[in-house]
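Q: Hey, dropping protein.cif in here, mmCIF, C-alpha atoms and all ligand atoms:
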data_target
#
loop_
_atom_site.label_atom_id
_atom_site.label_comp_id
_atom_site.auth_asym_id
_atom_site.auth_seq_id
_atom_site.Cartn_x
_atom_site.Cartn_y
_atom_site.Cartn_z
CA MET I 1 -91.46 115.26 -33.30
CA ALA I 2 -90.59 117.56 -36.14
CA THR I 3 -88.01 116.60 -38.67
CA ILE I 4 -87.72 118.62 -41.88
CA LYS I 5 -86.55 117.05 -45.10
CA PHE I 6 -85.88 118.67 -48.47
CA LYS I 7 -85.53 116.17 -51.28
CA ASN I 8 -84.17 117.64 -54.51
CA VAL I 9 -86.18 120.82 -54.04
CA ALA I 10 -85.90 123.51 -56.70
CA LYS I 11 -87.35 127.01 -56.65
CA ALA I 12 -87.69 129.33 -59.60
CA PHE I 13 -89.42 132.70 -59.84
CA ASP I 14 -90.92 134.53 -62.82
CA ASN I 15 -92.57 131.49 -64.41
CA GLY I 16 -89.43 129.41 -64.12
CA LYS I 17 -87.16 132.00 -65.71
CA VAL I 18 -85.07 132.76 -62.62
CA THR I 19 -83.82 129.74 -60.68
CA VAL I 20 -82.96 130.72 -57.14
CA ILE I 21 -82.52 127.24 -55.70
CA PRO I 22 -81.45 124.63 -58.28
CA ASP I 23 -81.42 121.39 -56.25
CA LEU I 24 -81.63 121.38 -52.48
CA SER I 25 -81.45 118.28 -50.31
CA LEU I 26 -81.30 118.74 -46.57
CA GLU I 27 -82.37 116.83 -43.46
CA ILE I 28 -83.00 118.65 -40.20
CA LYS I 29 -83.37 116.51 -37.10
CA ASP I 30 -86.06 116.71 -34.46
CA LYS I 31 -85.33 119.37 -31.78
CA GLU I 32 -82.31 120.59 -33.70
CA PHE I 33 -81.29 124.27 -33.86
CA VAL I 34 -80.22 124.80 -37.47
CA VAL I 35 -78.92 128.13 -38.73
CA LEU I 36 -78.89 129.12 -42.41
CA VAL I 37 -76.11 131.56 -43.33
CA GLY I 38 -74.86 132.98 -46.57
CA PRO I 39 -74.52 136.24 -48.49
CA SER I 40 -77.47 138.47 -49.32
CA GLY I 41 -79.67 136.98 -52.03
CA CYS I 42 -78.38 133.41 -51.69
CA GLY I 43 -81.85 132.01 -50.92
CA LYS I 44 -82.04 131.82 -47.11
CA SER I 45 -85.44 133.48 -46.74
CA THR I 46 -86.79 131.58 -49.73
CA THR I 47 -85.78 128.29 -48.09
CA LEU I 48 -87.47 129.30 -44.83
CA ARG I 49 -90.61 130.49 -46.63
CA MET I 50 -90.84 127.15 -48.43
CA ILE I 51 -90.86 125.34 -45.06
CA ALA I 52 -93.58 127.71 -43.86
CA GLY I 53 -95.58 127.20 -47.03
CA LEU I 54 -95.45 130.89 -47.90
CA GLU I 55 -93.66 130.00 -51.15
CA ASP I 56 -94.57 126.90 -53.13
CA ILE I 57 -91.78 124.74 -54.43
CA SER I 58 -91.18 124.39 -58.16
CA SER I 59 -90.08 120.75 -58.03
CA GLY I 60 -88.94 118.12 -55.55
CA GLU I 61 -90.44 117.10 -52.24
CA LEU I 62 -90.61 118.68 -48.83
CA TYR I 63 -91.43 116.65 -45.70
CA ILE I 64 -92.27 117.81 -42.21
CA ASP I 65 -92.47 114.97 -39.72
CA ASN I 66 -92.14 112.51 -42.59
CA LYS I 67 -95.33 113.88 -44.09
CA LYS I 68 -95.14 115.36 -47.56
CA VAL I 69 -96.28 118.96 -47.33
CA ASN I 70 -96.08 120.12 -50.97
CA GLY I 71 -99.35 121.97 -51.48
CA ILE I 72 -100.36 122.01 -47.80
CA PRO I 73 -101.29 125.59 -46.85
CA PRO I 74 -99.27 127.44 -44.15
CA LYS I 75 -102.05 127.31 -41.56
CA ASP I 76 -102.11 123.52 -41.63
CA ARG I 77 -98.36 123.06 -41.21
CA ASP I 78 -98.21 123.72 -37.48
CA ILE I 79 -95.30 126.10 -37.89
CA ALA I 80 -94.64 129.58 -36.48
CA MET I 81 -92.51 132.17 -38.20
CA VAL I 82 -90.87 135.23 -36.65
CA PHE I 83 -89.81 137.98 -39.02
CA GLN I 84 -87.15 140.66 -38.86
CA SER I 85 -89.82 143.37 -38.83
CA TYR I 86 -91.71 141.75 -35.89
CA ALA I 87 -95.01 142.50 -37.71
CA LEU I 88 -96.95 143.24 -34.50
CA TYR I 89 -100.45 144.71 -34.71
CA PRO I 90 -99.87 148.34 -33.63
CA HIS I 91 -103.43 148.97 -32.37
CA MET I 92 -103.49 145.91 -30.08
CA THR I 93 -101.95 145.53 -26.65
CA VAL I 94 -99.12 143.07 -26.11
CA TYR I 95 -101.61 140.64 -24.57
CA LYS I 96 -103.96 140.88 -27.55
CA ASN I 97 -101.10 140.52 -30.00
CA MET I 98 -100.13 137.28 -28.33
CA ALA I 99 -103.69 136.02 -27.95
CA PHE I 100 -104.79 136.84 -31.50
CA ALA I 101 -104.02 133.56 -33.26
CA LEU I 102 -105.54 131.54 -30.42
CA LYS I 103 -108.72 133.60 -30.51
CA LEU I 104 -109.02 132.90 -34.23
CA LYS I 105 -108.77 129.21 -33.39
CA LYS I 106 -111.67 129.72 -30.95
CA MET I 107 -109.65 128.50 -27.99
CA PRO I 108 -111.50 128.98 -24.66
CA LYS I 109 -110.65 132.21 -22.86
CA ASN I 110 -109.09 130.63 -19.79
CA GLU I 111 -106.82 128.47 -21.94
CA ILE I 112 -105.72 131.52 -23.94
CA ASP I 113 -104.98 133.32 -20.70
CA GLU I 114 -102.91 130.42 -19.43
CA LYS I 115 -100.88 130.23 -22.66
CA VAL I 116 -100.22 133.98 -22.86
CA MET I 117 -99.16 134.16 -19.22
CA TRP I 118 -96.88 131.14 -19.68
CA ALA I 119 -95.09 132.73 -22.65
CA ALA I 120 -94.95 136.17 -21.01
CA LYS I 121 -93.30 134.67 -17.95
CA ILE I 122 -90.63 132.83 -19.92
CA LEU I 123 -89.90 135.93 -22.00
CA ASP I 124 -90.02 138.28 -19.05
CA ILE I 125 -92.62 140.59 -20.59
CA GLU I 126 -95.37 140.28 -17.95
CA PRO I 127 -95.13 143.96 -16.94
CA TYR I 128 -95.88 145.10 -20.51
CA LEU I 129 -98.97 143.06 -21.34
CA ASP I 130 -101.27 146.12 -21.34
CA ARG I 131 -98.98 148.30 -23.44
CA LYS I 132 -99.19 148.91 -27.17
CA PRO I 133 -96.13 147.92 -29.24
CA ARG I 134 -95.07 151.54 -29.83
CA ALA I 135 -94.47 151.92 -26.09
CA LEU I 136 -91.91 149.12 -26.11
CA SER I 137 -88.19 148.99 -26.86
CA GLY I 138 -86.90 147.02 -29.86
CA GLY I 139 -85.86 144.10 -27.68
CA GLN I 140 -89.24 144.00 -25.92
CA ARG I 141 -91.07 144.06 -29.25
CA GLN I 142 -88.90 141.22 -30.46
CA ARG I 143 -89.85 139.21 -27.39
CA VAL I 144 -93.54 139.84 -28.03
CA ALA I 145 -93.06 138.54 -31.58
CA LEU I 146 -91.46 135.41 -30.13
CA GLY I 147 -94.26 135.10 -27.60
CA ARG I 148 -96.86 135.29 -30.32
CA ALA I 149 -95.15 132.34 -32.00
CA MET I 150 -94.73 130.39 -28.74
CA VAL I 151 -98.38 130.42 -27.64
CA ARG I 152 -99.32 128.45 -30.72
CA ASN I 153 -97.18 125.48 -29.62
CA PRO I 154 -95.77 124.99 -33.09
CA LYS I 155 -93.84 121.93 -34.15
CA VAL I 156 -91.25 124.14 -35.81
CA PHE I 157 -90.03 127.70 -35.19
CA LEU I 158 -88.78 129.59 -38.21
CA LEU I 159 -86.89 132.80 -37.50
CA ASP I 160 -85.76 135.12 -40.29
CA GLU I 161 -83.06 137.53 -39.06
CA PRO I 162 -85.06 138.22 -35.91
CA LEU I 163 -82.34 140.29 -34.27
CA SER I 164 -81.09 142.45 -37.10
CA ASN I 165 -83.04 145.54 -35.98
CA LEU I 166 -81.46 145.53 -32.54
CA ASP I 167 -78.28 147.26 -31.39
CA ALA I 168 -75.17 145.20 -30.66
CA LYS I 169 -75.67 144.85 -26.91
CA LEU I 170 -79.31 143.82 -27.18
CA ARG I 171 -78.49 141.36 -29.93
CA THR I 172 -76.05 139.54 -27.69
CA GLU I 173 -78.64 139.47 -24.91
CA MET I 174 -81.46 138.21 -27.16
CA ARG I 175 -79.12 135.68 -28.71
CA SER I 176 -78.69 133.86 -25.41
CA GLN I 177 -82.42 134.26 -24.67
CA ILE I 178 -83.35 132.51 -27.91
CA THR I 179 -80.85 129.73 -27.23
CA MET I 180 -82.38 129.23 -23.78
CA LEU I 181 -85.87 129.35 -25.27
CA HIS I 182 -84.90 126.56 -27.63
CA GLN I 183 -83.66 124.47 -24.72
CA LYS I 184 -86.88 125.07 -22.79
CA LEU I 185 -89.29 124.41 -25.63
CA GLN I 186 -87.45 121.38 -27.06
CA THR I 187 -88.69 122.01 -30.60
CA THR I 188 -87.02 122.30 -33.97
CA PHE I 189 -85.68 125.79 -34.75
CA VAL I 190 -84.57 127.01 -38.17
CA TYR I 191 -82.90 130.39 -37.92
CA VAL I 192 -81.69 132.66 -40.72
CA THR I 193 -78.94 135.21 -40.25
CA HIS I 194 -76.02 136.66 -42.12
CA ASP I 195 -74.18 137.26 -38.87
CA GLN I 196 -71.66 134.46 -38.54
CA THR I 197 -71.17 135.06 -34.80
CA GLU I 198 -74.89 134.43 -34.29
CA ALA I 199 -74.62 131.28 -36.40
CA MET I 200 -71.54 129.98 -34.57
CA THR I 201 -72.86 130.62 -31.07
CA MET I 202 -76.47 129.46 -31.49
CA ALA I 203 -76.47 126.55 -33.92
CA ASP I 204 -76.30 122.81 -33.38
CA ARG I 205 -75.55 122.70 -37.09
CA ILE I 206 -75.07 125.40 -39.71
CA VAL I 207 -76.05 125.37 -43.38
CA VAL I 208 -73.68 127.57 -45.37
CA MET I 209 -75.38 128.57 -48.64
CA ASN I 210 -74.13 130.34 -51.72
CA LYS I 211 -76.26 131.04 -54.80
CA GLY I 212 -78.92 128.59 -53.63
CA VAL I 213 -76.44 125.75 -53.22
CA ILE I 214 -75.44 124.22 -49.87
CA GLN I 215 -71.68 124.55 -49.48
CA GLN I 216 -71.46 122.64 -46.20
CA PHE I 217 -73.86 121.46 -43.49
CA ASP I 218 -72.08 120.70 -40.24
CA THR I 219 -71.42 121.70 -36.64
CA PRO I 220 -69.86 125.13 -35.99
CA GLN I 221 -66.66 123.45 -34.82
CA LYS I 222 -66.35 121.35 -37.99
CA LEU I 223 -67.01 124.34 -40.26
CA TYR I 224 -64.22 126.22 -38.52
CA SER I 225 -61.67 123.41 -38.38
CA GLU I 226 -62.52 121.53 -41.59
CA PRO I 227 -64.10 123.90 -44.10
CA ALA I 228 -65.10 122.05 -47.26
CA ASN I 229 -63.99 124.77 -49.67
CA THR I 230 -62.61 128.31 -49.84
CA PHE I 231 -66.11 129.81 -49.70
CA VAL I 232 -66.88 128.26 -46.30
CA ALA I 233 -63.32 128.91 -45.12
CA GLY I 234 -63.66 132.60 -45.95
CA PHE I 235 -67.20 132.92 -44.62
CA ILE I 236 -66.69 131.40 -41.17
CA GLY I 237 -64.15 133.16 -38.94
CA SER I 238 -63.34 136.80 -38.35
CA PRO I 239 -61.10 138.39 -39.51
CA GLN I 240 -61.43 136.04 -42.43
CA MET I 241 -58.95 133.32 -43.35
CA ASN I 242 -55.92 134.44 -45.41
CA PHE I 243 -55.59 132.78 -48.81
CA ILE I 244 -52.09 132.50 -50.23
CA ASP I 245 -51.36 131.25 -53.75
CA SER I 246 -48.78 128.50 -53.64
CA GLU I 247 -47.15 125.75 -55.64
CA ILE I 248 -46.35 122.23 -54.42
CA ILE I 249 -42.74 121.20 -55.01
CA LYS I 250 -40.53 118.27 -54.05
CA ASP I 251 -37.20 119.38 -52.57
CA SER I 252 -34.62 116.75 -51.49
CA GLY I 253 -37.41 114.19 -51.22
CA LYS I 254 -39.65 116.44 -49.14
CA LEU I 255 -42.97 117.96 -50.16
CA LYS I 256 -43.13 121.71 -49.74
CA ALA I 257 -45.57 124.54 -50.45
CA LYS I 258 -43.77 127.38 -52.16
CA PHE I 259 -45.08 130.94 -51.76
CA SER I 260 -43.31 134.29 -52.16
CA SER I 261 -39.68 133.49 -51.20
CA TYR I 262 -40.69 130.74 -48.78
CA ALA I 263 -41.17 126.98 -48.83
CA LEU I 264 -43.27 125.47 -46.05
CA ASP I 265 -42.92 121.79 -45.13
CA ILE I 266 -46.12 119.84 -45.78
CA PRO I 267 -47.34 118.04 -42.65
CA LYS I 268 -47.11 114.23 -42.86
CA VAL I 269 -50.87 113.65 -42.76
CA LYS I 270 -51.28 115.66 -45.96
CA ASN I 271 -48.36 114.11 -47.83
CA GLU I 272 -50.29 111.47 -49.70
CA LYS I 273 -52.99 113.83 -50.91
CA LEU I 274 -50.60 116.61 -51.92
CA GLU I 275 -48.23 114.27 -53.77
CA LYS I 276 -50.65 114.50 -56.71
CA TYR I 277 -50.27 118.27 -56.76
CA ILE I 278 -46.51 118.42 -57.38
CA GLY I 279 -45.86 121.20 -59.89
CA LYS I 280 -49.45 122.44 -59.54
CA LYS I 281 -50.96 125.56 -58.03
CA ILE I 282 -52.88 125.32 -54.80
CA ILE I 283 -54.20 127.76 -52.20
CA LEU I 284 -52.92 127.86 -48.64
CA GLY I 285 -55.41 128.97 -46.02
CA ILE I 286 -54.15 130.40 -42.75
CA ARG I 287 -56.46 131.89 -40.13
CA PRO I 288 -55.22 135.23 -38.70
CA GLU I 289 -55.32 133.78 -35.18
CA HIS I 290 -53.11 130.87 -36.20
CA PHE I 291 -50.02 132.98 -36.81
CA LEU I 292 -47.70 132.98 -33.81
CA SER I 293 -45.34 135.76 -32.70
CA VAL I 294 -41.94 135.75 -30.97
CA GLU I 295 -43.86 136.27 -27.73
CA ASP I 296 -45.59 132.88 -28.02
CA SER I 297 -44.00 130.06 -26.06
CA ASP I 298 -44.54 127.27 -28.60
CA ILE I 299 -42.75 128.58 -31.68
CA LYS I 300 -39.95 126.01 -31.63
CA GLY I 301 -39.96 124.09 -34.90
CA LYS I 302 -42.55 126.39 -36.47
CA TYR I 303 -41.95 127.99 -39.87
CA ALA I 304 -40.86 131.64 -39.67
CA ILE I 305 -41.57 134.38 -42.17
CA THR I 306 -40.68 138.05 -41.94
CA VAL I 307 -43.23 140.62 -43.01
CA ASN I 308 -43.46 144.36 -43.14
CA ALA I 309 -46.35 145.70 -41.03
CA MET I 310 -48.45 148.03 -43.19
CA LEU I 311 -50.71 148.76 -40.26
CA ALA I 312 -51.07 147.41 -36.74
CA GLU I 313 -54.28 147.57 -34.69
CA MET I 314 -54.06 146.95 -30.99
CA THR I 315 -57.29 145.25 -29.85
CA GLY I 316 -56.45 144.71 -26.20
CA SER I 317 -54.79 141.38 -25.65
CA GLU I 318 -53.91 140.99 -29.31
CA THR I 319 -52.66 142.99 -32.28
CA ASN I 320 -53.91 142.74 -35.86
CA VAL I 321 -50.94 143.11 -38.18
CA TYR I 322 -51.73 143.87 -41.84
CA PHE I 323 -49.05 142.84 -44.31
CA GLU I 324 -48.49 142.02 -47.98
CA LEU I 325 -47.16 138.83 -49.52
CA ALA I 326 -46.62 138.67 -53.27
CA GLY I 327 -48.88 141.68 -53.75
CA GLU I 328 -51.82 140.29 -51.71
CA LYS I 329 -52.98 141.78 -48.40
CA HIS I 330 -53.17 139.55 -45.32
CA ILE I 331 -53.86 139.81 -41.59
CA ALA I 332 -52.16 138.15 -38.64
CA ARG I 333 -53.70 138.34 -35.17
CA ILE I 334 -50.83 137.93 -32.75
CA LYS I 335 -49.86 138.34 -29.16
CA SER I 336 -47.77 141.46 -28.73
CA GLU I 337 -46.85 143.24 -25.53
CA LYS I 338 -44.54 145.46 -27.52
CA LYS I 339 -46.27 148.08 -29.64
CA ILE I 340 -45.95 147.40 -33.36
CA CYS I 341 -45.80 150.41 -35.68
CA SER I 342 -46.44 150.54 -39.41
CA GLY I 343 -43.19 149.95 -41.26
CA ASP I 344 -41.90 147.58 -38.56
CA SER I 345 -40.45 144.28 -39.57
CA VAL I 346 -42.41 141.48 -37.85
CA ARG I 347 -41.52 137.80 -37.50
CA LEU I 348 -44.53 135.50 -37.88
CA PHE I 349 -44.48 131.77 -37.18
CA ILE I 350 -46.64 129.23 -38.99
CA ASP I 351 -47.59 125.82 -37.62
CA PRO I 352 -47.89 123.67 -40.78
CA GLU I 353 -50.54 121.56 -38.99
CA ALA I 354 -52.78 124.62 -38.79
CA VAL I 355 -52.59 125.36 -42.53
CA HIS I 356 -55.51 124.48 -44.82
CA PHE I 357 -54.89 123.36 -48.38
CA PHE I 358 -57.32 123.99 -51.24
CA ASP I 359 -57.39 122.95 -54.89
CA LYS I 360 -57.02 126.17 -56.88
CA GLU I 361 -59.27 125.01 -59.71
CA THR I 362 -62.15 123.47 -57.77
CA THR I 363 -61.64 125.53 -54.55
CA MET I 364 -62.32 122.30 -52.62
CA ALA I 365 -60.30 121.37 -49.51
CA ILE I 366 -57.51 118.87 -50.15
N1 LIG D 401 -90.99 136.96 -55.40
C1 LIG D 401 -89.80 136.94 -56.03
N2 LIG D 401 -89.71 137.11 -57.37
C2 LIG D 401 -88.53 137.06 -58.02
N3 LIG D 401 -87.34 136.88 -57.40
C3 LIG D 401 -87.35 136.72 -56.06
C4 LIG D 401 -88.57 136.73 -55.31
N4 LIG D 401 -88.27 136.54 -54.01
C5 LIG D 401 -86.92 136.42 -53.96
N5 LIG D 401 -86.36 136.52 -55.18
C6 LIG D 401 -84.92 136.41 -55.51
O1 LIG D 401 -84.45 135.19 -54.98
C7 LIG D 401 -83.13 135.34 -54.51
C8 LIG D 401 -83.03 134.84 -53.08
O2 LIG D 401 -83.79 135.68 -52.25
P1 LIG D 401 -83.86 135.48 -50.68
O3 LIG D 401 -84.79 136.52 -50.15
O4 LIG D 401 -84.17 134.07 -50.38
O5 LIG D 401 -82.36 135.80 -50.24
P2 LIG D 401 -81.71 135.88 -48.80
O6 LIG D 401 -80.62 134.88 -48.77
O7 LIG D 401 -82.76 135.78 -47.76
O8 LIG D 401 -81.05 137.33 -48.79
P3 LIG D 401 -80.96 138.46 -47.63
O9 LIG D 401 -79.79 138.07 -46.77
O10 LIG D 401 -80.69 139.70 -48.39
O11 LIG D 401 -82.26 138.48 -46.89
C9 LIG D 401 -82.77 136.81 -54.68
O12 LIG D 401 -81.97 136.95 -55.82
C10 LIG D 401 -84.11 137.48 -54.84
O13 LIG D 401 -83.99 138.61 -55.65
MG MG D 402 -83.57 137.11 -46.36
#
Could you express the structure from this file as structure tokens?
Ligand SMILES: Nc1ncnc2c1ncn2[C@@H]1O[C@H](COP(=O)(O)OP(=O)(O)OP(=O)(O)O)[C@@H](O)[C@H]1O
Ligand SMILES: [Mg+2]

A:
Amino acid sequence: MATIKFKNVAKAFDNGKVTVIPDLSLEIKDKEFVVLVGPSGCGKSTTLRMIAGLEDISSGELYIDNKKVNGIPPKDRDIAMVFQSYALYPHMTVYKNMAFALKLKKMPKNEIDEKVMWAAKILDIEPYLDRKPRALSGGQRQRVALGRAMVRNPKVFLLDEPLSNLDAKLRTEMRSQITMLHQKLQTTFVYVTHDQTEAMTMADRIVVMNKGVIQQFDTPQKLYSEPANTFVAGFIGSPQMNFIDSEIIKDSGKLKAKFSSYALDIPKVKNEKLEKYIGKKIILGIRPEHFLSVEDSDIKGKYAITVNAMLAEMTGSETNVYFELAGEKHIARIKSEKKICSGDSVRLFIDPEAVHFFDKETTMAI
């Protein structure tokens, strides 16, 4: 069992002069894989280090397993942390690196051996146990760092950008390895990254942070389909969601969102909420992949706009079309067998059901 609970936790540096985390409340379930994402400097590592006990908290309460851990030193928290830099001991063999913490605990030799061999087998590093870290590839070193954490049987694994030193191919490989490791070990994982693909593919739930404040804490699917505000909407998804300034009008009894020279019908489910916005500015959010092209089969009844392609990138099965609307740049990712050239006029179709609506003042989803 290892739940983690932050209750109104604040963190300030420089004798309270710089507040990095103003008021954090968060509950992580037992055996959950939670990923923290957010821009550089938003407080991801600080949050992780507070769980580990490497940073003390300025106010509030932190619980691990329903036990208050404020003031409990790192070594007594039963937690293992894996860093971006691996931090292996260069003069020790892989075996010794993995055995080190257990030796300090005065664990009997045969038990240490059993543990190290168990972890090495799972991580597929048995052939390298006698090597020094410098004779290993980046991916192998990363696995040793994981192994060193595993042998300690921690209640919680904390991983701070563990894959960011690896090349793209290895990252993808290690990503699935870590997910499988989580399934095998059945422990709580808290994982920090600023790579949203990593977050989306690995997490049970994702915490999206900005400036030390949680913007949304939910499953990857929910973050994608129901982002709470424009920050989350823009952060999750690639290429990022298009934001279009718009005004809500009533035309012959029907609610519409006016933008550029267009007026899009508001879907019925949103009618009640958007009624309050008549005459007011809102933001429409449309994901690039939600635009349809003339080559799609289901464009009947969808709203058509005509844009001028500034640039078109063929990515294989799809084409990214860059265009401008009312002076703002946008991207549509559409199906196109026919090559699109810059300067071409392109018809795009919008399914009103796939459009997100945001309050322009608060940036919150409507
Ligand atoms: N020891 C410290 N003293 C003062 N400020 C600090 C200290 N440690 C971190 N900070 C500040 O706290 C903020 C959050 O830092 P943190 O390392 O948690 O960010 P992060 O989200 O992990 O960013 P990155 O993605 O770049 O790793 C930053 O503005 C950073 O400058
Ligand atoms: Mg960090």

Q: Using only C-alpha atoms and all ligand atoms, pick whichever of I:Lys67, I:Lys96, I:Arg49, I:Lys338 has the shortest atom-to-atom distance to ligand LIG 401 (chain D).

A: I:Arg49

Q: Neighbouring residues of ligand MG 402 (chain D) are defined here as those with any atom at most 9 Å from a ligand atom, counting only C-alpha atoms and all ligand atoms; list them as a list in words.

A: Ser40, Gly41, Cys42, Gly43, Lys44, Ser45, Thr46, Leu48, Asp160, Glu161, Val192, Thr193 and His194 of chain I

Q: How would you write as a PDB file with C-alpha atoms, in the frame of the given file the residues that get within 6 Å of (-52.3, 141.5, -25.5) in the file's frame, counting only C-alpha atoms?

A:
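Generated output (part.pdb):
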ATOM      1  CA  GLY I 316     -56.450 144.710 -26.200  1.00  0.00           C
ATOM      2  CA  SER I 317     -54.790 141.380 -25.650  1.00  0.00           C
ATOM      3  CA  GLU I 318     -53.910 140.990 -29.310  1.00  0.00           C
ATOM      4  CA  LYS I 335     -49.860 138.340 -29.160  1.00  0.00           C
ATOM      5  CA  SER I 336     -47.770 141.460 -28.730  1.00  0.00           C
ATOM      6  CA  GLU I 337     -46.850 143.240 -25.530  1.00  0.00           C
TER       7      GLU I 337
END

Q: Collect all residues with atoms no farther than 12 Å from ligand LIG 401 (chain D), counting all atoms listed in the file, and output them as number ranges by chain.

A: I: 10-22, 36-50, 54-56, 83-84, 159-162, 164, 191-195, 207-214

Q: Could you tell me how far CA of Gly237 in chain I sits from CA of Leu223 in chain I, in Å to one decimal place?

A: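 CA of Gly237 in chain I lies at a distance of 9.4 Å from CA of Leu223 in chain I.
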
Q: Could you tell me how far CA of Leu104 in chain I sits from CA of Thr188 in chain I, in Å to one decimal place?

A: 24.4 Å

Q: Using Å and a single decimal, report how far CA of Pro352 in chain I sits from CA of Ile266 in chain I.

A: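 Result for CA of Ile266 in chain I versus CA of Pro352 in chain I: 6.5 Å, one decimal.
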
Q: Can you find the residues with an atom no farther than 12 Å from (-42.6, 146.3, -32.4), counting only C-alpha atoms, and report them as a PyMOL selection string?

A: chain I and resi 293-295+308-309+311-314+319+321+334-347

Q: For a quick check of understanding, using all atoms listed in the file, which of I:Leu26, I:Lys329, I:Lys75, I:Val34 has the smallest distance to Met202 in chain I?

A: I:Val34

Q: Which residue is closest to Val269 in chain I? Choose from I:Asp359, I:Asp124, I:Asp245, I:Glu353 and count only C-alpha atoms.

A: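 Answer, going by the shortest atom-to-atom distance: I:Glu353.
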
Q: Of the candidates I:Ser238, I:Gln142, I:Asn66, I:Ser225, which shows the shortest atom-to-atom distance to Ala87 in chain I, using all atoms listed in the file?

A: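 Counting all atoms listed in the file, the residue closest to Ala87 in chain I is I:Gln142.
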
Q: Take every atom of range 304-313 of chain I listed in the file, pad by 8 Å on each side, and give me the axis-aligned box centre and edge lengths in Å, one decimal, as lines of an AutoDock Vina configuration file.

A:
center_x = -47.5
center_y = 140.2
center_z = -38.9
size_x = 29.6
size_y = 33.1
size_z = 24.5

Q: Using only C-alpha atoms, which of the listed residues (I:Lys276, I:Lys105, I:Lys115, I:His182) sits closest to Lys31 in chain I?

A: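 With only C-alpha atoms as the atom set, the closest residue is I:His182.
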
Q: Which of these residues is nearest to Gly253 in chain I, using only C-alpha atoms: I:Glu275, I:Lys169, I:Thr179, I:Gly234?

A: I:Glu275

Q: Name all residues at most 12 Å from Met174 in chain I (count all atoms listed in the file; drop same-chain ones fewer than 3 positions away) and give them as a compact mmCIF listing (two decimals) with C-alpha atoms, keeping the file's coordinate frame.

A:
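Dumped everything to out39.txt:
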# COMPACT_ATOMS: atom_id res chain seq x y z
CA LEU I 123 -89.90 135.93 -22.00
CA ASP I 124 -90.02 138.28 -19.05
CA GLY I 138 -86.90 147.02 -29.86
CA GLY I 139 -85.86 144.10 -27.68
CA GLN I 140 -89.24 144.00 -25.92
CA ARG I 141 -91.07 144.06 -29.25
CA GLN I 142 -88.90 141.22 -30.46
CA ARG I 143 -89.85 139.21 -27.39
CA LEU I 146 -91.46 135.41 -30.13
CA PRO I 162 -85.06 138.22 -35.91
CA LEU I 163 -82.34 140.29 -34.27
CA SER I 164 -81.09 142.45 -37.10
CA ASN I 165 -83.04 145.54 -35.98
CA LEU I 166 -81.46 145.53 -32.54
CA ASP I 167 -78.28 147.26 -31.39
CA ALA I 168 -75.17 145.20 -30.66
CA LYS I 169 -75.67 144.85 -26.91
CA LEU I 170 -79.31 143.82 -27.18
CA ARG I 171 -78.49 141.36 -29.93
CA GLN I 177 -82.42 134.26 -24.67
CA ILE I 178 -83.35 132.51 -27.91
CA THR I 179 -80.85 129.73 -27.23
CA MET I 180 -82.38 129.23 -23.78
CA LEU I 181 -85.87 129.35 -25.27
CA GLU I 198 -74.89 134.43 -34.29
CA MET I 202 -76.47 129.46 -31.49
